[in-house]
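Everything on this sheet refers to the single structure shown next.
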Amino acid sequence: MLLKVENLTKRFGGLVAVSDVSFGIERGEIIGIFGPNGSGKTTLLNLLAGLLPPSTGRVVWKGENIAGARPNVIASRGVIKTFQNPQLFSELSVFEHVMIASFLAFTRIKDHSRLSSFLAPGKGEAVLRARAEKALTLCRLQGASEKSAAELSYGEEKMLGVAMAMMCEPELLLLDEPASGLGNDEIHNLENVLRDLRAHGTTLCIIDHKVAFLAKFADQAIALQQGCKIAQGRPNDVLADPAVVKAYLGRSHHA
Amino acid sequence: MTQVVVGQILNGIILGSLYGIIALGVTMTFGITGIVNFALGQFMMIGAYATWYFTDLAMFPFPVAVALAVVISAVAGLVADQALFRFTRNNLVNGLLVSIGLISVTESVALLLFTTTPKNMDTVIAGSWTLGAITLPRMKVVAFLMLAAVIGLTWLGLSRAWLGRATRAYAQNPEAAMLMGVPTKLLQTGVVVYSCAIAGFGGALYACLFSLEPTLGGLFILKGVESAILAGVGNLLGALAGGVILGVTESVGSLYLPSAFRDAYGLVFLVAILLFRPAGLFGGQK
Amino acid sequence: MKALWFLIPLYLLPLVVKSDTMLTVLIFTFLLSILAVGFNIVFGGAGQLTMFHAAAFGIGSYATFLSMLHFGLPFWLGYLVAVVVVVLVSIVIGWICFKFRLKEFYFAVVTMAFAELCRLIALNWTSVTNGTLGMLVLEKPTLWLPRSGIVKIEQTAAWYFLTLVSLTVVLAFSALLMRSWIGRNFSAIRLNEDLAQTLGIDTFRYKLLAFTISNVIASFAGALYGFYTGFIEPSYLSVTQSLDAIAMVLLGGVSTILGPVVGSMVLTSLPHLIELPAELRVAVYGMILILVILLMPRGIVGLAAGLLKRRAHAS
Amino acid sequence: MLELSAISAHYGKNQVLRSIDLKVGAGEVVALIGANAAGKSTTMRLIAGLKRATSGSITLDGTEIGGLSTPKRVSLGIALVPEGRQVFAQSTVLENLTMGAYHRADRNHIQPDIDAMFAMFPRLGERRNQRAGSMSGGEQQMVAIARGLMAKPKCLLLDEPTLGLAPVIVDEISATVMKLARDGMTILLAEQNAAMALEVASRAYVLAAGAISAQGTPEQLKASPVVAQLYFGAETTDA
Amino acid sequence: MKSLFRGSFAAALLAAAVPGVAGAQTATVKIGQIEAQTGPNAIYGYMSSQGVPIAVDEINKAGGFKVGDTTYKLELMALDTRGDPKEATIQLKKLLEQDKVKFVFGPFLSNVFVTVFPYAKQFNGKFLMMGGGTRIHEFVGQPGNEFVIRTWNWDAGPKGFGEKMVDYLVKTANPKKVAMLFQNDSGGKILGDIYEPIFKARGIETMTEYFEPGTKDFSPVLAKIAGFKPDYLFPGYSDAALYDIVRQSVEGNYSKKFFLVRGSTGPGLKNKDGLEDYIVYVPKDFEEAEKKEPKVKHFIDAYKAFYKRDFPYDQAPLCSSSCYDHVYMLVEAMKKAGTVDDVEKIRKTLLSMTYQGMWKISFDERSEQIFNFDIVHLRKGGTKEVVHVEP
């Protein structure tokens, strides 16, 4: 088991945003977490990424509890999170944005001292640039590489967020609503990108409220409601779960 | 010695109310427009010079002069808001730099009009009250009462009256306030103008207490910002309390320690408060 | 690095301009540019609005001179002592500010408070700093040059080249830094601290680094400034000095390599090129500031870069 | 009463609404259903004046209001209960309600109206002096609705009133909406929760990717595959 | 706008590049002035820069002055340092190198003087600097520093006005304890260093406190001083602070007897009903002198006409008036020396002569000015007694 979440709970004052959630992720798997807005999805992801400390519970990454560790520590172990609404610099190009995310890749370049890269970028820089190109290609952004971030469509902006995360060579990529606000073409594109990522060997954990989108390629789905896990299993099974139907369509569907 | 200390505590409270009136303007402007109006001290300067001009040169009765001074500062505030601050809403750094530009311009105008020679207004209320070894100049006490009244009335107004409700609502949730029909642009302008007007009022009372120089605003804005932060930005009565705490710290501090370090006492206190209560002394938890 | 070509005409200028006054104006422009470059690294780079750089500037000049005075060190070794002092001070203050997660306005105010405390210490620790009377600096920096051996920097021309070379070095350093992994980490922090953390960046450490580097550069400007003017006084550490540098950076273009230099040119050199009565000069300074902030939100260099890009796109 | 014709809107370069036509007649409850980011909130914000349309017109009782500021529209009778409730968290329930009547000139009638609200939402009456921010989500939603009603609107806009609420509370909210409808209030309701929306509405529009993909009575829509597709189906087309 | 910044920088550059053009004008003597006309420390500098243009204007309107066969007019270049040593350095360079000015008035600020000193020293013998700054005292009269003379008489020493003032105080009031309260800047520190020994030598106990520049509320430090129970309070030194100190001291019942060596009668007159004793050094009691001395009356009229505003009697008009005198004094020295460009000769003439303008001005062996002054002694209710002192 790559990641194991055990009885994770997060309280904000009196509000329980995530309540006693447990699940596991296997290497190479795509896991989809869905639920209506306000069901605690984003909080859960932030707990995994270390942006919030959990109130109780454990997050076990490769056998080691990382709950409460600082986000950069968690990131350096290989768990990277994207943001729902990427903030970008209008004055920097797409390529430069990806290079901003190159730190972890940089630290992993062996036989290359940090000081020498400071004075003469040379080899290490070339490795990073190649990697950035690869991340952009993976995210279907190779053509926009020299564009300024201000010229991107919303879908491209979100893909750039994914490219920046991919630059960190994650073992587990946490995607926060990658499909929200995208048009149909963009969603198609995203689906293809996600398939590529899986082929690339990255384990994915995606949160979304669009069940259909997740159902297409997730190996495992988890439904959240009011911070609680209400169903888990194969996507189609979860979708048929009466509790899920109720959470989504109200009291009853086709009633 | 106790009486000396008590005397200085009282003096600090009085002085602190002057810091407080600027702090009130700083707090309100920051809450509603997202800028720190560093030029508020200049409006205090405008109010002070206007009061001096109307009483000593134009020979108007003092209350008329104060009213005119407040009007002039308010009008100046309106001009500054429409010409400058309107464009820097919610941009801290640009607001800061535009204020600095405005400081240079107003200081320059004051120099042209009044020169660097200090002005000293004719005494409005002479004499002192004595209580044992404690002597308090009457004008200082009156100034304190008036400033505290303005701050108190502002607080009351903001918690009770119609406009105040809008201000409070806006500070909590700008968009929801707009949905209630609060004319937000007007409100932002109104707050900038009001803060300039009360700074002008502070200036009018300042003119009754101290001598005037074109650079007087610079000192008070720093103290005002310190007081506002000390109390917790957004807290109106806290602005007065913050000013008073700063005033007392300085007054009592320079009694026991070298008075040349006077400004440091408040600063050390401020840093300590910010580190241990980042929301300020009276700020809620955020 | 391309930005450095901009400096070449300045190296040739003394061939044409013999005016000592003009060169002096430029020496001050260069010195204040260095200070602004330092500020640009922490603000334009890592997005932290510090108000401490003037204090670092002052500490740089005091510490360099005092270590020369008391330990008999030459200028450059004396400056090394100053670097140690500034690094220690920066780490302590930065540690406090960043540990307590002070941001934006609060960070600005607390660093300003620390800067004021430093100024008050310089002002009142009379036995060491000579307090308000300031310190006369009659020593000059020396340099070893090929052929000429050890040279004392005394004449205007010598100072011109020393300060210009210093500015070039600092600019080159800042350009290298900004495109290195450190600069990229700074950018990530400026973009979004949470994002930076999830990209594996220890934001606390890199903010501290940005703050320290910026202060060390500011102290370099201060050391040179003190020795050029020959007089060090507590007003070096004043808030006004900090604000001036901030104005330069925003005027020239924040987060650009050349912005601080252009801003310093406008605010330091320009007033000497325009004929104005005393009272109006202050007003004009204010007007320039207001107009640039309102009309060119990305500063002069930012605007120029934008125009160039647009033209390139159009063609 | 309220009519949107050929409304388009952009965020930056992204078009979020594509020529929307929408009508709400007096006394009608109209639902606008669609998935997240389909453009529901944008439509609501456009009507309230929080966002400007790129093209098209919005009329209220025949007068064009597309160019007016939000406060102006509020005084003309449009009240939006925004997504995420947006109550004044530091203020009490009572203050929130009073704030709702901010634009009203008839100050004497405010107190009776507040009493009426407390009669309608007894739970709010019990907690009139509690800070709104300290209440549960459902209670906050009620505060927001009551606050919107305090404006005495001609047309009440409800943006996702059931968002993130427990099913029991959702029932309560829909009961409230139905009661308002019975009392003759004109309501435009934007909802993700299609079942709830279709239960209370007399007419509904389905919004997908910024365009109206279907419209009709609840019965018609329940039968149509479009709604089910929205959440479960494969494609969201512009059909 | 009387402060003229003639010839833009660009024009000066051109002039420097094309030799001969700059030196082409005849029959003009350039005088420069570097003072803080604006900024927080501008009080003295501002007033100085007011006095000089009046004299220059008068001399030029009268057709200039004659040395030998040539008639010269004056050209004034008054630059505003804002109290910033950096600006002052640039401006002095501009004056000396580009405009080839040989006579510079100013500065009044010590930090400015100290900064420009090493540079100015390079021009020793080539120009004359006439400044009032306190710290000029440390440098004046030393070999190599002949370029500078100090336009203010020194406090200490047998001819120093400080000694004379304290003698007057001892004679009239015989105090046992004097408290000094000075601004925490170089001027204030130097005052403390000068006066402590002067009082000590007369058996008077002293206490010295400093306040931050810009202080407005003095009551804490006054309360602290009151604990020392001084007979007299000796506050310094600019009017901005004096008005506040005197008023707050009287109102707060801390000390009602004042002794001042810098400042004006203004603060005393303003509080005349509350104070008991107010002894102040003023260069001249203008209200009285206007009636008796035609030169003073002429100056006051000229001031009003030139600036179209009232003459500030109750302020410290010293700088404007003395700088007015200095222009005439310099012209007289040029006439006597028979040259306008032999700086050394003019300097020697200046130091050896006694100029009789509004003041009787001479110089001591250290090139420091000695002039007559008045002691104004105010008592409760505003009765005024003026003692003329001639060192």
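Residue numbers start at 1 in each chain; chains themselves are named A, B, ... in the order of the structure tokens; ligands are numbered from 1 in the order shown.
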
Near chain B, meaning an atom within 10 Å, which residues of chain C appear when counting only C-alpha atoms? Write them as a ChimeraX atom specification. /C:49,96-97,99-102,104-107,109-114,116-121,123-124,240,243-244,246-247,250-251,278-295,297

Selection near stretch 241-249 of chain B, 6 Å with only C-alpha atoms, sequence-local residues under 4 positions removed, as a PyMOL selection string: chain B and resi 9+12-13+15-17+19-20+227+230-231+253+266

Could you tell me which residues of chain B sit within 8 Å of chain D when counting only C-alpha atoms, and give me the result as number ranges by chain? B: 162, 165-166, 169, 172-173, 175-176, 178-183

Taking the DSSP secondary structure from the backbone, can you list the residues of stretch 45-238 of chain A that are helix (DSSP H, G or I), as a VMD selection string? chain A and resid 45 to 49 71 to 77 94 to 100 103 to 108 114 to 119 122 to 138 142 to 144 149 to 151 154 to 167 184 to 199 211 to 215 235 to 238

Can you list, as a list in words, every residue of stretch 79-276 of chain B that DSSP puts in strand (DSSP E)? Ser128, Trp129, Thr130, Leu131, Ile134, Thr135, Leu136 and Pro137 of chain B

Set out as JSON lines a contact list for chain C and chain E with a cut-off of 7 Å, giving each residue of chain C that qualifies its closest atom pair and distance in Å to one decimal, counting only C-alpha atoms, ordered by chain and rising residue number.
{"residue": "C:Ser19", "atom": "CA", "partner": "E:Leu13", "partner_atom": "CA", "distance": 6.7}
{"residue": "C:Thr21", "atom": "CA", "partner": "E:Lys93", "partner_atom": "CA", "distance": 5.4}
{"residue": "C:Thr24", "atom": "CA", "partner": "E:Ile90", "partner_atom": "CA", "distance": 6.3}
{"residue": "C:Val25", "atom": "CA", "partner": "E:Ile90", "partner_atom": "CA", "distance": 6.3}
{"residue": "C:Thr132", "atom": "CA", "partner": "E:Asp185", "partner_atom": "CA", "distance": 4.9}
{"residue": "C:Leu133", "atom": "CA", "partner": "E:Ser186", "partner_atom": "CA", "distance": 4.7}
{"residue": "C:Thr229", "atom": "CA", "partner": "E:Thr115", "partner_atom": "CA", "distance": 6.0}
{"residue": "C:Gly230", "atom": "CA", "partner": "E:Thr115", "partner_atom": "CA", "distance": 6.1}
{"residue": "C:Phe231", "atom": "CA", "partner": "E:Thr115", "partner_atom": "CA", "distance": 5.4}
{"residue": "C:His272", "atom": "CA", "partner": "E:Phe9", "partner_atom": "CA", "distance": 6.8}
{"residue": "C:Leu273", "atom": "CA", "partner": "E:Phe9", "partner_atom": "CA", "distance": 5.1}
{"residue": "C:Ile274", "atom": "CA", "partner": "E:Ser8", "partner_atom": "CA", "distance": 6.5}
{"residue": "C:Glu275", "atom": "CA", "partner": "E:Ser8", "partner_atom": "CA", "distance": 5.6}
{"residue": "C:Leu276", "atom": "CA", "partner": "E:Phe5", "partner_atom": "CA", "distance": 6.7}
{"residue": "C:Pro277", "atom": "CA", "partner": "E:Ser3", "partner_atom": "CA", "distance": 6.0}
{"residue": "C:Ala278", "atom": "CA", "partner": "E:Asp80", "partner_atom": "CA", "distance": 5.6}
{"residue": "C:Glu279", "atom": "CA", "partner": "E:Thr38", "partner_atom": "CA", "distance": 6.7}

Write out as JSON, numbers by chain which residues come within 9 Å of D:Asp61 when counting only C-alpha atoms, dropping same-chain ones fewer than 5 positions away. {"D": [1, 2, 3]}

Could you save the residues just selected, with N, CA and C atoms, as a PDB file, in the first residue's frame?
ATOM      1  N   MET D   1     -41.745  39.212 -15.694  1.00  0.00           N
ATOM      2  CA  MET D   1     -41.200  40.203 -14.752  1.00  0.00           C
ATOM      3  C   MET D   1     -39.708  40.401 -14.983  1.00  0.00           C
ATOM      4  N   LEU D   2     -38.944  39.305 -14.850  1.00  0.00           N
ATOM      5  CA  LEU D   2     -37.501  39.369 -15.087  1.00  0.00           C
ATOM      6  C   LEU D   2     -37.209  38.630 -16.380  1.00  0.00           C
ATOM      7  N   GLU D   3     -36.454  39.289 -17.229  1.00  0.00           N
ATOM      8  CA  GLU D   3     -36.192  38.654 -18.506  1.00  0.00           C
ATOM      9  C   GLU D   3     -34.742  38.860 -18.926  1.00  0.00           C
TER      10      GLU D   3
END

Near chain B, 6 Å: chain E residue rows, closest pairs, only C-alpha atoms, as JSON lines:
{"residue": "E:Ile43", "atom": "CA", "partner": "B:Thr116", "partner_atom": "CA", "distance": 5.7}
{"residue": "E:Tyr210", "atom": "CA", "partner": "B:Ala260", "partner_atom": "CA", "distance": 5.6}
{"residue": "E:Phe211", "atom": "CA", "partner": "B:Ala260", "partner_atom": "CA", "distance": 4.7}
{"residue": "E:Glu212", "atom": "CA", "partner": "B:Ala260", "partner_atom": "CA", "distance": 5.0}
{"residue": "E:Pro220", "atom": "CA", "partner": "B:Ser251", "partner_atom": "CA", "distance": 5.3}
{"residue": "E:Lys224", "atom": "CA", "partner": "B:Leu255", "partner_atom": "CA", "distance": 5.8}
{"residue": "E:Ala240", "atom": "CA", "partner": "B:Pro118", "partner_atom": "CA", "distance": 5.3}
{"residue": "E:Asp244", "atom": "CA", "partner": "B:Phe210", "partner_atom": "CA", "distance": 5.8}
{"residue": "E:Glu251", "atom": "CA", "partner": "B:Pro137", "partner_atom": "CA", "distance": 5.7}
{"residue": "E:Gly252", "atom": "CA", "partner": "B:Thr135", "partner_atom": "CA", "distance": 5.3}

For A:Ile33, work out the shell of residues within 10 Å, counting only C-alpha atoms and skipping chain neighbours fewer than 2 positions away, then give it as number ranges by chain. A: 30-31, 35, 41-42, 44-45, 176-177, 205-211, 214, 218, 220-224, 229, 232, 235

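The part of chain C that reaches within 6 Å of chain A is made up of Ser180, Arg184, Gln197, Thr198, Gly200, Ile201 and Asp202 of chain C, counting only C-alpha atoms.
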
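Of the residues listed (E:Lys292, E:His377, E:His326, E:Lys229), E:His326 shows the shortest atom-to-atom separation from E:Ile149; distances use only C-alpha atoms.
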
Identify, on the basis of only C-alpha atoms, every residue whose closest approach to D:Lys51 does not exceed 10 Å; exclude the query and any residue fewer than 5 positions from it along the same chain; express the result as an MDAnalysis selection string. chainID D and resid 9:11 42:46 66 69:70

Emit the selected residues as a PDB file, in the first residue's frame, including N, CA, C and O atoms.
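Dumped everything to selection.pdb:
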ATOM      1  N   ALA D   9     -21.381  36.187 -21.255  1.00  0.00           N
ATOM      2  CA  ALA D   9     -20.455  36.753 -20.276  1.00  0.00           C
ATOM      3  C   ALA D   9     -19.116  36.038 -20.365  1.00  0.00           C
ATOM      4  O   ALA D   9     -19.032  34.877 -20.763  1.00  0.00           O
ATOM      5  N   HIS D  10     -18.077  36.774 -20.021  1.00  0.00           N
ATOM      6  CA  HIS D  10     -16.708  36.232 -20.071  1.00  0.00           C
ATOM      7  C   HIS D  10     -15.995  36.453 -18.756  1.00  0.00           C
ATOM      8  O   HIS D  10     -16.252  37.435 -18.068  1.00  0.00           O
ATOM      9  N   TYR D  11     -15.108  35.548 -18.437  1.00  0.00           N
ATOM     10  CA  TYR D  11     -14.087  35.841 -17.425  1.00  0.00           C
ATOM     11  C   TYR D  11     -12.779  35.857 -18.183  1.00  0.00           C
ATOM     12  O   TYR D  11     -12.317  34.816 -18.654  1.00  0.00           O
ATOM     13  N   THR D  42     -22.871  32.593 -12.199  1.00  0.00           N
ATOM     14  CA  THR D  42     -22.577  33.755 -13.037  1.00  0.00           C
ATOM     15  C   THR D  42     -23.876  34.425 -13.464  1.00  0.00           C
ATOM     16  O   THR D  42     -23.996  35.652 -13.434  1.00  0.00           O
ATOM     17  N   THR D  43     -24.866  33.603 -13.832  1.00  0.00           N
ATOM     18  CA  THR D  43     -26.154  34.170 -14.230  1.00  0.00           C
ATOM     19  C   THR D  43     -26.758  34.975 -13.083  1.00  0.00           C
ATOM     20  O   THR D  43     -27.235  36.098 -13.270  1.00  0.00           O
ATOM     21  N   MET D  44     -26.710  34.385 -11.878  1.00  0.00           N
ATOM     22  CA  MET D  44     -27.279  35.068 -10.724  1.00  0.00           C
ATOM     23  C   MET D  44     -26.546  36.373 -10.450  1.00  0.00           C
ATOM     24  O   MET D  44     -27.156  37.395 -10.152  1.00  0.00           O
ATOM     25  N   ARG D  45     -25.234  36.325 -10.552  1.00  0.00           N
ATOM     26  CA  ARG D  45     -24.427  37.519 -10.281  1.00  0.00           C
ATOM     27  C   ARG D  45     -24.697  38.600 -11.331  1.00  0.00           C
ATOM     28  O   ARG D  45     -24.694  39.792 -11.014  1.00  0.00           O
ATOM     29  N   LEU D  46     -24.943  38.136 -12.554  1.00  0.00           N
ATOM     30  CA  LEU D  46     -25.245  39.094 -13.617  1.00  0.00           C
ATOM     31  C   LEU D  46     -26.546  39.825 -13.325  1.00  0.00           C
ATOM     32  O   LEU D  46     -26.649  41.036 -13.507  1.00  0.00           O
ATOM     33  N   GLY D  66     -29.556  46.307 -17.041  1.00  0.00           N
ATOM     34  CA  GLY D  66     -28.205  45.780 -17.247  1.00  0.00           C
ATOM     35  C   GLY D  66     -27.104  46.763 -16.942  1.00  0.00           C
ATOM     36  O   GLY D  66     -25.994  46.367 -16.604  1.00  0.00           O
ATOM     37  N   SER D  69     -26.073  49.822 -11.169  1.00  0.00           N
ATOM     38  CA  SER D  69     -25.221  49.273 -10.121  1.00  0.00           C
ATOM     39  C   SER D  69     -26.038  48.346  -9.233  1.00  0.00           C
ATOM     40  O   SER D  69     -27.275  48.396  -9.241  1.00  0.00           O
ATOM     41  N   THR D  70     -25.353  47.515  -8.476  1.00  0.00           N
ATOM     42  CA  THR D  70     -26.044  46.579  -7.596  1.00  0.00           C
ATOM     43  C   THR D  70     -27.020  47.284  -6.645  1.00  0.00           C
ATOM     44  O   THR D  70     -28.185  46.887  -6.563  1.00  0.00           O
TER      45      THR D  70
END

Coordinates-based distance that separates atom CA of D:Val16 from atom CA of D:Ala195 (Å, one decimal):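 Distance reported for this atom pair: 24.5 Å.
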